[in-house]
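Structure data follow from coords-v8.tsv (TSV, N, CA and C atoms and all ligand atoms):
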```tsv
chain	number	residue	atom	x	y	z
A	1	MET	N	73.70	22.42	-4.91
A	1	MET	CA	75.10	22.76	-4.58
A	1	MET	C	75.23	23.03	-3.10
A	2	SER	N	76.26	22.42	-2.54
A	2	SER	CA	76.49	22.61	-1.12
A	2	SER	C	77.72	23.49	-0.95
A	3	ASN	N	77.55	24.58	-0.22
A	3	ASN	CA	78.63	25.56	-0.07
A	3	ASN	C	79.85	25.03	0.66
A	4	ASP	N	79.60	24.04	1.54
A	4	ASP	CA	80.73	23.52	2.30
A	4	ASP	C	81.27	22.23	1.68
A	5	CYS	N	80.89	21.95	0.44
A	5	CYS	CA	81.41	20.76	-0.25
A	5	CYS	C	82.47	21.19	-1.27
A	6	LEU	N	83.68	20.67	-1.07
A	6	LEU	CA	84.80	21.05	-1.93
A	6	LEU	C	84.51	20.78	-3.41
A	7	PHE	N	83.98	19.61	-3.72
A	7	PHE	CA	83.79	19.27	-5.14
A	7	PHE	C	82.59	20.00	-5.75
A	8	CYS	N	81.57	20.35	-4.95
A	8	CYS	CA	80.52	21.23	-5.46
A	8	CYS	C	81.13	22.58	-5.84
A	9	ARG	N	82.05	23.04	-5.05
A	9	ARG	CA	82.67	24.35	-5.31
A	9	ARG	C	83.60	24.28	-6.53
A	10	ILE	N	84.27	23.14	-6.70
A	10	ILE	CA	85.08	22.96	-7.92
A	10	ILE	C	84.15	22.91	-9.14
A	11	ALA	N	83.02	22.18	-9.02
A	11	ALA	CA	82.07	22.08	-10.15
A	11	ALA	C	81.49	23.45	-10.49
A	12	ALA	N	81.33	24.30	-9.48
A	12	ALA	CA	80.78	25.64	-9.71
A	12	ALA	C	81.85	26.62	-10.19
A	13	GLY	N	83.10	26.19	-10.22
A	13	GLY	CA	84.18	27.07	-10.68
A	13	GLY	C	84.68	28.01	-9.60
A	14	GLU	N	84.23	27.82	-8.37
A	14	GLU	CA	84.64	28.70	-7.27
A	14	GLU	C	86.03	28.39	-6.76
A	15	ILE	N	86.43	27.13	-6.95
A	15	ILE	CA	87.79	26.72	-6.59
A	15	ILE	C	88.44	26.23	-7.88
A	16	PRO	N	89.61	26.75	-8.20
A	16	PRO	CA	90.24	26.37	-9.46
A	16	PRO	C	90.67	24.90	-9.49
A	17	SER	N	90.58	24.31	-10.65
A	17	SER	CA	91.06	22.94	-10.84
A	17	SER	C	91.45	22.80	-12.30
A	18	GLU	N	92.23	21.77	-12.57
A	18	GLU	CA	92.65	21.54	-13.95
A	18	GLU	C	91.66	20.59	-14.61
A	19	ILE	N	90.63	21.16	-15.20
A	19	ILE	CA	89.57	20.37	-15.84
A	19	ILE	C	90.09	19.85	-17.17
A	20	VAL	N	89.90	18.55	-17.40
A	20	VAL	CA	90.38	17.95	-18.66
A	20	VAL	C	89.22	17.61	-19.60
A	21	ALA	N	88.03	17.48	-19.07
A	21	ALA	CA	86.86	17.18	-19.91
A	21	ALA	C	85.62	17.45	-19.08
A	22	GLU	N	84.52	17.74	-19.77
A	22	GLU	CA	83.26	17.89	-19.06
A	22	GLU	C	82.08	17.57	-19.96
A	23	GLY	N	80.98	17.16	-19.34
A	23	GLY	CA	79.74	16.88	-20.05
A	23	GLY	C	78.62	17.57	-19.29
A	24	GLU	N	77.41	17.30	-19.74
A	24	GLU	CA	76.26	17.98	-19.14
A	24	GLU	C	76.18	17.76	-17.62
A	25	GLY	N	76.37	16.50	-17.22
A	25	GLY	CA	76.16	16.20	-15.80
A	25	GLY	C	77.43	15.89	-15.03
A	26	TRP	N	78.59	16.08	-15.64
A	26	TRP	CA	79.82	15.65	-14.99
A	26	TRP	C	81.01	16.51	-15.39
A	27	LEU	N	82.09	16.41	-14.64
A	27	LEU	CA	83.37	16.97	-15.07
A	27	LEU	C	84.52	16.09	-14.57
A	28	ALA	N	85.64	16.20	-15.27
A	28	ALA	CA	86.84	15.45	-14.92
A	28	ALA	C	87.99	16.42	-14.77
A	29	PHE	N	88.72	16.29	-13.66
A	29	PHE	CA	89.86	17.19	-13.40
A	29	PHE	C	90.99	16.40	-12.75
A	30	ARG	N	92.17	16.99	-12.78
A	30	ARG	CA	93.35	16.29	-12.23
A	30	ARG	C	93.35	16.34	-10.70
A	31	ASP	N	93.69	15.20	-10.10
A	31	ASP	CA	93.81	15.14	-8.65
A	31	ASP	C	94.98	16.02	-8.21
A	32	ILE	N	94.79	16.75	-7.13
A	32	ILE	CA	95.81	17.69	-6.66
A	32	ILE	C	97.03	16.96	-6.08
A	33	GLN	N	96.81	15.71	-5.70
A	33	GLN	CA	97.90	14.90	-5.11
A	33	GLN	C	97.97	13.56	-5.86
A	34	PRO	N	98.49	13.61	-7.10
A	34	PRO	CA	98.40	12.42	-7.96
A	34	PRO	C	99.14	11.21	-7.41
A	35	GLN	N	98.49	10.06	-7.51
A	35	GLN	CA	99.06	8.78	-7.05
A	35	GLN	C	99.58	7.95	-8.22
A	36	ALA	N	99.56	8.50	-9.41
A	36	ALA	CA	100.03	7.83	-10.62
A	36	ALA	C	100.29	8.93	-11.65
A	37	PRO	N	101.05	8.63	-12.72
A	37	PRO	CA	101.33	9.67	-13.73
A	37	PRO	C	100.05	10.32	-14.27
A	38	VAL	N	98.99	9.52	-14.43
A	38	VAL	CA	97.67	10.08	-14.74
A	38	VAL	C	96.76	9.80	-13.55
A	39	HIS	N	96.18	10.82	-12.99
A	39	HIS	CA	95.24	10.64	-11.87
A	39	HIS	C	94.15	11.70	-12.00
A	40	LEU	N	93.01	11.23	-12.49
A	40	LEU	CA	91.88	12.12	-12.70
A	40	LEU	C	90.77	11.79	-11.74
A	41	LEU	N	89.90	12.76	-11.50
A	41	LEU	CA	88.69	12.54	-10.72
A	41	LEU	C	87.50	12.88	-11.62
A	42	VAL	N	86.57	11.96	-11.71
A	42	VAL	CA	85.34	12.19	-12.47
A	42	VAL	C	84.21	12.35	-11.47
A	43	ILE	N	83.53	13.48	-11.51
A	43	ILE	CA	82.48	13.77	-10.51
A	43	ILE	C	81.18	14.21	-11.19
A	44	PRO	N	80.05	13.94	-10.54
A	44	PRO	CA	78.79	14.51	-11.03
A	44	PRO	C	78.71	15.97	-10.65
A	45	ARG	N	78.04	16.78	-11.46
A	45	ARG	CA	77.85	18.20	-11.10
A	45	ARG	C	76.94	18.32	-9.88
A	46	GLU	N	75.96	17.42	-9.81
A	46	GLU	CA	75.04	17.49	-8.67
A	46	GLU	C	75.68	16.81	-7.46
A	47	HIS	N	75.30	17.26	-6.29
A	47	HIS	CA	75.89	16.68	-5.09
A	47	HIS	C	75.26	15.33	-4.78
A	48	VAL	N	76.07	14.29	-4.89
A	48	VAL	CA	75.70	12.94	-4.50
A	48	VAL	C	76.83	12.49	-3.59
A	49	GLU	N	76.50	11.95	-2.43
A	49	GLU	CA	77.54	11.73	-1.43
A	49	GLU	C	78.55	10.67	-1.82
A	50	SER	N	78.06	9.56	-2.36
A	50	SER	CA	78.98	8.46	-2.70
A	50	SER	C	78.27	7.49	-3.63
A	51	ALA	N	79.00	6.49	-4.09
A	51	ALA	CA	78.42	5.48	-4.97
A	51	ALA	C	77.31	4.70	-4.28
A	52	ALA	N	77.30	4.72	-2.96
A	52	ALA	CA	76.24	4.01	-2.23
A	52	ALA	C	74.87	4.63	-2.48
A	53	GLU	N	74.84	5.87	-2.97
A	53	GLU	CA	73.56	6.55	-3.22
A	53	GLU	C	73.11	6.40	-4.67
A	54	LEU	N	73.90	5.76	-5.51
A	54	LEU	CA	73.59	5.75	-6.95
A	54	LEU	C	72.30	5.02	-7.29
A	55	ASP	N	71.89	4.11	-6.44
A	55	ASP	CA	70.66	3.37	-6.68
A	55	ASP	C	69.45	4.31	-6.76
A	56	SER	N	69.55	5.46	-6.09
A	56	SER	CA	68.40	6.37	-6.07
A	56	SER	C	68.55	7.56	-7.02
A	57	VAL	N	69.57	7.53	-7.88
A	57	VAL	CA	69.75	8.61	-8.84
A	57	VAL	C	69.73	7.99	-10.25
A	58	PRO	N	68.59	8.01	-10.92
A	58	PRO	CA	68.47	7.30	-12.20
A	58	PRO	C	69.52	7.73	-13.22
A	59	ALA	N	70.17	6.75	-13.83
A	59	ALA	CA	71.05	6.93	-14.99
A	59	ALA	C	72.42	7.55	-14.69
A	60	LEU	N	72.60	8.12	-13.50
A	60	LEU	CA	73.85	8.85	-13.24
A	60	LEU	C	75.07	7.93	-13.26
A	61	GLY	N	74.94	6.73	-12.69
A	61	GLY	CA	76.09	5.82	-12.65
A	61	GLY	C	76.59	5.49	-14.05
A	62	GLY	N	75.66	5.23	-14.95
A	62	GLY	CA	76.04	4.92	-16.34
A	62	GLY	C	76.72	6.10	-17.01
A	63	GLU	N	76.16	7.28	-16.78
A	63	GLU	CA	76.73	8.49	-17.38
A	63	GLU	C	78.16	8.72	-16.89
A	64	LEU	N	78.38	8.49	-15.59
A	64	LEU	CA	79.71	8.73	-15.02
A	64	LEU	C	80.71	7.69	-15.52
A	65	LEU	N	80.28	6.43	-15.67
A	65	LEU	CA	81.21	5.41	-16.16
A	65	LEU	C	81.54	5.64	-17.64
A	66	GLN	N	80.56	6.15	-18.37
A	66	GLN	CA	80.83	6.51	-19.77
A	66	GLN	C	81.87	7.65	-19.80
A	67	ALA	N	81.74	8.58	-18.88
A	67	ALA	CA	82.70	9.68	-18.79
A	67	ALA	C	84.10	9.14	-18.44
A	68	VAL	N	84.14	8.17	-17.53
A	68	VAL	CA	85.42	7.55	-17.16
A	68	VAL	C	86.09	6.97	-18.41
A	69	ALA	N	85.32	6.22	-19.20
A	69	ALA	CA	85.88	5.62	-20.42
A	69	ALA	C	86.37	6.69	-21.37
A	70	ARG	N	85.61	7.75	-21.48
A	70	ARG	CA	86.00	8.83	-22.41
A	70	ARG	C	87.29	9.51	-21.98
A	71	VAL	N	87.40	9.86	-20.71
A	71	VAL	CA	88.61	10.58	-20.28
A	71	VAL	C	89.82	9.65	-20.28
A	72	ALA	N	89.60	8.37	-19.99
A	72	ALA	CA	90.73	7.42	-20.03
A	72	ALA	C	91.28	7.34	-21.46
A	73	THR	N	90.40	7.26	-22.42
A	73	THR	CA	90.83	7.24	-23.82
A	73	THR	C	91.53	8.54	-24.18
A	74	GLN	N	90.93	9.65	-23.74
A	74	GLN	CA	91.53	10.97	-24.03
A	74	GLN	C	92.93	11.10	-23.45
A	75	GLU	N	93.17	10.45	-22.31
A	75	GLU	CA	94.48	10.54	-21.66
A	75	GLU	C	95.45	9.47	-22.16
A	76	GLY	N	95.02	8.69	-23.16
A	76	GLY	CA	95.91	7.69	-23.77
A	76	GLY	C	95.99	6.38	-23.02
A	77	LEU	N	94.99	6.10	-22.18
A	77	LEU	CA	95.04	4.91	-21.33
A	77	LEU	C	94.25	3.72	-21.89
A	78	HIS	N	93.55	3.93	-22.99
A	78	HIS	CA	92.64	2.91	-23.52
A	78	HIS	C	93.34	1.57	-23.72
A	79	ASP	N	94.52	1.59	-24.33
A	79	ASP	CA	95.19	0.33	-24.67
A	79	ASP	C	96.08	-0.19	-23.55
A	80	GLU	N	96.70	0.70	-22.79
A	80	GLU	CA	97.65	0.22	-21.76
A	80	GLU	C	96.95	-0.18	-20.47
A	81	GLY	N	95.71	0.23	-20.30
A	81	GLY	CA	94.97	-0.13	-19.10
A	81	GLY	C	95.02	0.97	-18.05
A	82	PHE	N	94.09	0.89	-17.14
A	82	PHE	CA	93.99	1.90	-16.08
A	82	PHE	C	93.15	1.33	-14.96
A	83	ARG	N	93.08	2.04	-13.86
A	83	ARG	CA	92.27	1.58	-12.73
A	83	ARG	C	91.21	2.63	-12.39
A	84	VAL	N	90.02	2.14	-12.07
A	84	VAL	CA	88.92	3.01	-11.65
A	84	VAL	C	88.61	2.65	-10.20
A	85	VAL	N	88.61	3.65	-9.33
A	85	VAL	CA	88.38	3.42	-7.90
A	85	VAL	C	87.36	4.42	-7.39
A	86	THR	N	86.45	3.96	-6.58
A	86	THR	CA	85.64	4.92	-5.83
A	86	THR	C	85.55	4.45	-4.39
A	87	ASN	N	86.03	5.26	-3.49
A	87	ASN	CA	85.98	4.93	-2.07
A	87	ASN	C	84.62	5.36	-1.52
A	88	VAL	N	84.02	4.50	-0.73
A	88	VAL	CA	82.69	4.78	-0.19
A	88	VAL	C	82.76	4.77	1.34
A	89	GLY	N	82.67	5.97	1.89
A	89	GLY	CA	82.69	6.10	3.35
A	89	GLY	C	84.10	6.25	3.89
A	90	GLU	N	84.17	6.85	5.05
A	90	GLU	CA	85.45	7.16	5.70
A	90	GLU	C	86.30	5.91	5.92
A	91	ARG	N	85.62	4.83	6.27
A	91	ARG	CA	86.32	3.58	6.55
A	91	ARG	C	87.01	3.00	5.31
A	92	ALA	N	86.48	3.32	4.15
A	92	ALA	CA	87.07	2.84	2.90
A	92	ALA	C	88.04	3.86	2.31
A	93	GLY	N	88.24	4.98	3.02
A	93	GLY	CA	89.22	5.96	2.56
A	93	GLY	C	88.63	7.16	1.85
A	94	GLN	N	87.29	7.31	1.88
A	94	GLN	CA	86.70	8.49	1.24
A	94	GLN	C	86.94	9.71	2.12
A	95	SER	N	87.60	10.72	1.55
A	95	SER	CA	87.89	11.93	2.33
A	95	SER	C	87.06	13.12	1.86
A	96	VAL	N	86.54	13.07	0.63
A	96	VAL	CA	85.66	14.12	0.13
A	96	VAL	C	84.30	13.48	-0.11
A	97	MET	N	83.29	13.97	0.60
A	97	MET	CA	81.98	13.30	0.59
A	97	MET	C	81.11	13.79	-0.57
A	98	HIS	N	81.69	13.80	-1.73
A	98	HIS	CA	80.99	14.07	-2.99
A	98	HIS	C	81.51	13.01	-3.95
A	99	LEU	N	80.59	12.20	-4.47
A	99	LEU	CA	80.95	11.06	-5.32
A	99	LEU	C	82.04	11.40	-6.34
A	100	HIS	N	83.06	10.56	-6.39
A	100	HIS	CA	84.09	10.74	-7.42
A	100	HIS	C	84.68	9.39	-7.78
A	101	PHE	N	84.97	9.24	-9.06
A	101	PHE	CA	85.70	8.07	-9.55
A	101	PHE	C	87.14	8.50	-9.80
A	102	HIS	N	88.08	7.82	-9.16
A	102	HIS	CA	89.49	8.03	-9.47
A	102	HIS	C	89.79	7.25	-10.74
A	103	VAL	N	90.50	7.86	-11.67
A	103	VAL	CA	90.99	7.18	-12.87
A	103	VAL	C	92.51	7.27	-12.81
A	104	LEU	N	93.14	6.11	-12.63
A	104	LEU	CA	94.60	6.07	-12.41
A	104	LEU	C	95.27	5.28	-13.52
A	105	GLY	N	96.35	5.83	-14.04
A	105	GLY	CA	97.06	5.10	-15.09
A	105	GLY	C	98.45	5.65	-15.31
A	106	GLY	N	99.15	5.03	-16.26
A	106	GLY	CA	100.49	5.48	-16.59
A	106	GLY	C	101.57	4.74	-15.83
A	107	ARG	N	101.17	3.78	-15.01
A	107	ARG	CA	102.12	2.91	-14.32
A	107	ARG	C	101.45	1.57	-14.05
A	108	ARG	N	102.25	0.57	-13.68
A	108	ARG	CA	101.68	-0.73	-13.32
A	108	ARG	C	100.96	-0.62	-11.97
A	109	MET	N	99.80	-1.25	-11.89
A	109	MET	CA	99.03	-1.22	-10.65
A	109	MET	C	99.19	-2.55	-9.92
A	110	HIS	N	99.02	-2.51	-8.63
A	110	HIS	CA	99.20	-3.72	-7.82
A	110	HIS	C	97.88	-4.10	-7.14
A	111	TRP	N	97.78	-5.34	-6.77
A	111	TRP	CA	96.57	-5.86	-6.15
A	111	TRP	C	96.96	-6.91	-5.13
A	112	PRO	N	96.41	-6.98	-3.93
A	112	PRO	CA	95.26	-6.18	-3.45
A	112	PRO	C	95.64	-4.74	-3.12
A	113	PRO	N	94.68	-3.83	-3.14
A	113	PRO	CA	94.97	-2.41	-2.97
A	113	PRO	C	95.25	-2.02	-1.52
A	114	GLY	N	94.86	-2.84	-0.55
A	114	GLY	CA	95.19	-2.52	0.84
A	114	GLY	C	94.19	-1.60	1.50
B	201	LIG	P1	89.06	10.23	-1.63
B	201	LIG	O1	90.14	10.23	-0.57
B	201	LIG	O2	87.80	10.87	-1.12
B	201	LIG	O3	88.80	8.92	-2.29
B	201	LIG	O4	89.60	11.14	-2.81
B	201	LIG	C1	89.64	12.53	-2.71
B	201	LIG	C2	90.71	13.00	-3.66
B	201	LIG	O5	90.55	14.38	-3.84
B	201	LIG	C3	92.13	12.79	-3.14
B	201	LIG	O6	92.85	11.96	-4.04
B	201	LIG	C4	92.70	14.20	-3.07
B	201	LIG	O7	94.05	14.27	-3.44
B	201	LIG	C5	91.80	14.98	-3.99
B	201	LIG	N1	91.66	16.39	-3.65
B	201	LIG	C6	91.45	16.88	-2.40
B	201	LIG	N2	91.34	18.22	-2.46
B	201	LIG	C7	91.48	18.56	-3.77
B	201	LIG	C8	91.45	19.82	-4.46
B	201	LIG	O8	91.28	20.90	-3.88
B	201	LIG	N3	91.65	19.80	-5.81
B	201	LIG	C9	91.83	18.62	-6.49
B	201	LIG	N4	92.02	18.72	-7.82
B	201	LIG	N5	91.86	17.43	-5.86
B	201	LIG	C10	91.68	17.40	-4.52
B	202	ZN	ZN	79.16	18.27	-3.36
```
Could I get this file's structure written as structure tokens?
Ligand code: 5GP
Ligand code: ZN
Amino acid sequence: MSNDCLFCRIAAGEIPSEIVAEGEGWLAFRDIQPQAPVHLLVIPREHVESAAELDSVPALGGELLQAVARVATQEGLHDEGFRVVTNVGERAGQSVMHLHFHVLGGRRMHWPPG
């Protein structure tokens, strides 16, 4: 756990968040600035900087994607569809340097994302 990492502090319960689901190695909570009617963040409990590091963390990527599928179903998005996004690095729009998958749904999505 890193004291100066916002999502480590959310995972530790030090900063309040609206948690919608959690598992042994992950939790899912609502984004504070939602970009769609449903906007969740799925994060590992352990500090991993971004998806670029997943190659060196055995099994975590699979566990997190399974969590994404679970929370999407729980939020009623299974049939209507949803988008999963993870920004990697500042240049790609990552503002919190703790791995997170955005799960967005409840509206039509557009492509390319820009
Ligand atoms: P990124 O820009 O790194 O891809 O995504 C970070 C996300 O974290 C943003 O969508 C932002 O709204 C969200 N966020 C930033 N601070 C907080 C917070 O304190 N609580 C919650 N629930 N979400 C946050
Ligand atoms: Zn962290």
Exercise. Using only C-alpha atoms, which residues sit within 9 Å of region 68-74 of chain A once same-chain residues fewer than 5 positions away are excluded, as a list in words?
Worked result: Val20, Ala21, Ala28, Leu40, Leu41, Val42, Glu63, Asp79, Gly81, Phe82, Val84, Phe101, His102, Val103, Leu104 and Gly105 of chain A
Residues within 5 Å of ligand LIG 201 (chain B), counting only N, CA and C atoms and all ligand atoms, as a short mmCIF file (atom, residue, chain, number, x, y, z; two decimals) with N, CA and C atoms, in the frame of the given file:
```cif
data_model
loop_
_atom_site.label_atom_id
_atom_site.label_comp_id
_atom_site.auth_asym_id
_atom_site.auth_seq_id
_atom_site.Cartn_x
_atom_site.Cartn_y
_atom_site.Cartn_z
N ARG A 30 92.17 16.99 -12.78
CA ARG A 30 93.35 16.29 -12.23
C ARG A 30 93.35 16.34 -10.70
N ASP A 31 93.69 15.20 -10.10
CA ASP A 31 93.81 15.14 -8.65
C ASP A 31 94.98 16.02 -8.21
N ILE A 32 94.79 16.75 -7.13
CA ILE A 32 95.81 17.69 -6.66
C ILE A 32 97.03 16.96 -6.08
N GLN A 33 96.81 15.71 -5.70
CA GLN A 33 97.90 14.90 -5.11
C GLN A 33 97.97 13.56 -5.86
N ASN A 87 86.03 5.26 -3.49
CA ASN A 87 85.98 4.93 -2.07
C ASN A 87 84.62 5.36 -1.52
N GLY A 93 88.24 4.98 3.02
CA GLY A 93 89.22 5.96 2.56
C GLY A 93 88.63 7.16 1.85
N GLN A 94 87.29 7.31 1.88
CA GLN A 94 86.70 8.49 1.24
C GLN A 94 86.94 9.71 2.12
N SER A 95 87.60 10.72 1.55
CA SER A 95 87.89 11.93 2.33
C SER A 95 87.06 13.12 1.86
N VAL A 96 86.54 13.07 0.63
CA VAL A 96 85.66 14.12 0.13
C VAL A 96 84.30 13.48 -0.11
#
```
Exercise. Within 8 Å of ligand ZN 202 (chain B), counting all atoms listed in the file, which protein or nucleic acid residues do you find, written as a VMD selection string?
Worked result: chain A and resid 1 to 11 44 to 49 96 to 99
For this session: Can you check which residues of region 33-98 of chain A DSSP gives as strand (DSSP E or B) on the backbone and send them as a PyMOL selection string?
Result: chain A and resi 38-44+83-85
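Between CA of Ser17 (chain A) and CA of Ala67 (chain A) there is a distance of 17.6 Å.
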For this session: Take atom C of Ala51 (chain A) and atom C of Thr86 (chain A) and report the distance between them in Å, one decimal.
Result: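 About the pair atom C of Ala51 (chain A) and atom C of Thr86 (chain A): they are 8.2 Å apart.
Pairwise distance (atom N of Pro113 (chain A), atom N of Leu65 (chain A)) equals 21.7 Å.
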Exercise. Using only C-alpha atoms, which of A:Ile19, A:Ala36, A:Val88, A:Ala52 sits nearest His110 (chain A)?
Worked result: A:Ala36
Exercise. Using all atoms listed in the file, which residue out of A:Gly106, A:Pro37, A:Gly89, A:Pro112 lies closest to Ser50 (chain A)?
Worked result: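 Smallest distance to Ser50 (chain A) is found for A:Gly89.
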For this session: Apply DSSP to the backbone of this structure and, from region 26-97 of chain A, keep only the residues in alpha helix (DSSP H); write these as a ChimeraX atom specification.
Result: /A:60-74
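Taking only C-alpha atoms into account, His100 (chain A) lies nearest to A:Gly61 out of the set A:Gly23, A:Gly114, A:Pro34, A:Gly61.
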Using only the atoms of region 15-18 of chain A listed in the file, plus 4 Å on each side, state the axis-aligned box centre and edge lengths in Å rounded to one decimal, as AutoDock Vina command-line options.
```
--center_x 89.5 --center_y 23.9 --center_z -10.6 --size_x 14.2 --size_y 14.5 --size_z 16.0
```
Quick one: region 15-32 of chain A with N, CA, C and O atoms, as an mmCIF file, keeping the file's coordinate frame?
```
data_model
loop_
_atom_site.group_PDB
_atom_site.id
_atom_site.type_symbol
_atom_site.label_atom_id
_atom_site.label_comp_id
_atom_site.auth_asym_id
_atom_site.auth_seq_id
_atom_site.Cartn_x
_atom_site.Cartn_y
_atom_site.Cartn_z
ATOM 1 N N ILE A 15 86.430 27.130 -6.950
ATOM 2 C CA ILE A 15 87.790 26.720 -6.590
ATOM 3 C C ILE A 15 88.440 26.230 -7.880
ATOM 4 O O ILE A 15 87.854 25.402 -8.594
ATOM 5 N N PRO A 16 89.610 26.750 -8.200
ATOM 6 C CA PRO A 16 90.240 26.370 -9.460
ATOM 7 C C PRO A 16 90.670 24.900 -9.490
ATOM 8 O O PRO A 16 91.042 24.341 -8.448
ATOM 9 N N SER A 17 90.580 24.310 -10.650
ATOM 10 C CA SER A 17 91.060 22.940 -10.840
ATOM 11 C C SER A 17 91.450 22.800 -12.300
ATOM 12 O O SER A 17 91.058 23.616 -13.140
ATOM 13 N N GLU A 18 92.230 21.770 -12.570
ATOM 14 C CA GLU A 18 92.650 21.540 -13.950
ATOM 15 C C GLU A 18 91.660 20.590 -14.610
ATOM 16 O O GLU A 18 91.810 19.372 -14.561
ATOM 17 N N ILE A 19 90.630 21.160 -15.200
ATOM 18 C CA ILE A 19 89.570 20.370 -15.840
ATOM 19 C C ILE A 19 90.090 19.850 -17.170
ATOM 20 O O ILE A 19 90.646 20.599 -17.968
ATOM 21 N N VAL A 20 89.900 18.550 -17.400
ATOM 22 C CA VAL A 20 90.380 17.950 -18.660
ATOM 23 C C VAL A 20 89.220 17.610 -19.600
ATOM 24 O O VAL A 20 89.439 17.467 -20.803
ATOM 25 N N ALA A 21 88.030 17.480 -19.070
ATOM 26 C CA ALA A 21 86.860 17.180 -19.910
ATOM 27 C C ALA A 21 85.620 17.450 -19.080
ATOM 28 O O ALA A 21 85.654 17.396 -17.848
ATOM 29 N N GLU A 22 84.520 17.740 -19.770
ATOM 30 C CA GLU A 22 83.260 17.890 -19.060
ATOM 31 C C GLU A 22 82.080 17.570 -19.960
ATOM 32 O O GLU A 22 82.177 17.655 -21.171
ATOM 33 N N GLY A 23 80.980 17.160 -19.340
ATOM 34 C CA GLY A 23 79.740 16.880 -20.050
ATOM 35 C C GLY A 23 78.620 17.570 -19.290
ATOM 36 O O GLY A 23 78.863 18.293 -18.324
ATOM 37 N N GLU A 24 77.410 17.300 -19.740
ATOM 38 C CA GLU A 24 76.260 17.980 -19.140
ATOM 39 C C GLU A 24 76.180 17.760 -17.620
ATOM 40 O O GLU A 24 75.997 18.709 -16.867
ATOM 41 N N GLY A 25 76.370 16.500 -17.220
ATOM 42 C CA GLY A 25 76.160 16.200 -15.800
ATOM 43 C C GLY A 25 77.430 15.890 -15.030
ATOM 44 O O GLY A 25 77.364 15.497 -13.867
ATOM 45 N N TRP A 26 78.590 16.080 -15.640
ATOM 46 C CA TRP A 26 79.820 15.650 -14.990
ATOM 47 C C TRP A 26 81.010 16.510 -15.390
ATOM 48 O O TRP A 26 80.949 17.251 -16.373
ATOM 49 N N LEU A 27 82.090 16.410 -14.640
ATOM 50 C CA LEU A 27 83.370 16.970 -15.070
ATOM 51 C C LEU A 27 84.520 16.090 -14.570
ATOM 52 O O LEU A 27 84.357 15.314 -13.633
ATOM 53 N N ALA A 28 85.640 16.200 -15.270
ATOM 54 C CA ALA A 28 86.840 15.450 -14.920
ATOM 55 C C ALA A 28 87.990 16.420 -14.770
ATOM 56 O O ALA A 28 88.201 17.286 -15.623
ATOM 57 N N PHE A 29 88.720 16.290 -13.660
ATOM 58 C CA PHE A 29 89.860 17.190 -13.400
ATOM 59 C C PHE A 29 90.990 16.400 -12.750
ATOM 60 O O PHE A 29 90.798 15.294 -12.244
ATOM 61 N N ARG A 30 92.170 16.990 -12.780
ATOM 62 C CA ARG A 30 93.350 16.290 -12.230
ATOM 63 C C ARG A 30 93.350 16.340 -10.700
ATOM 64 O O ARG A 30 93.062 17.384 -10.109
ATOM 65 N N ASP A 31 93.690 15.200 -10.100
ATOM 66 C CA ASP A 31 93.810 15.140 -8.650
ATOM 67 C C ASP A 31 94.980 16.020 -8.210
ATOM 68 O O ASP A 31 96.052 16.019 -8.819
ATOM 69 N N ILE A 32 94.790 16.750 -7.130
ATOM 70 C CA ILE A 32 95.810 17.690 -6.660
ATOM 71 C C ILE A 32 97.030 16.960 -6.080
ATOM 72 O O ILE A 32 98.124 17.535 -6.007
#
```
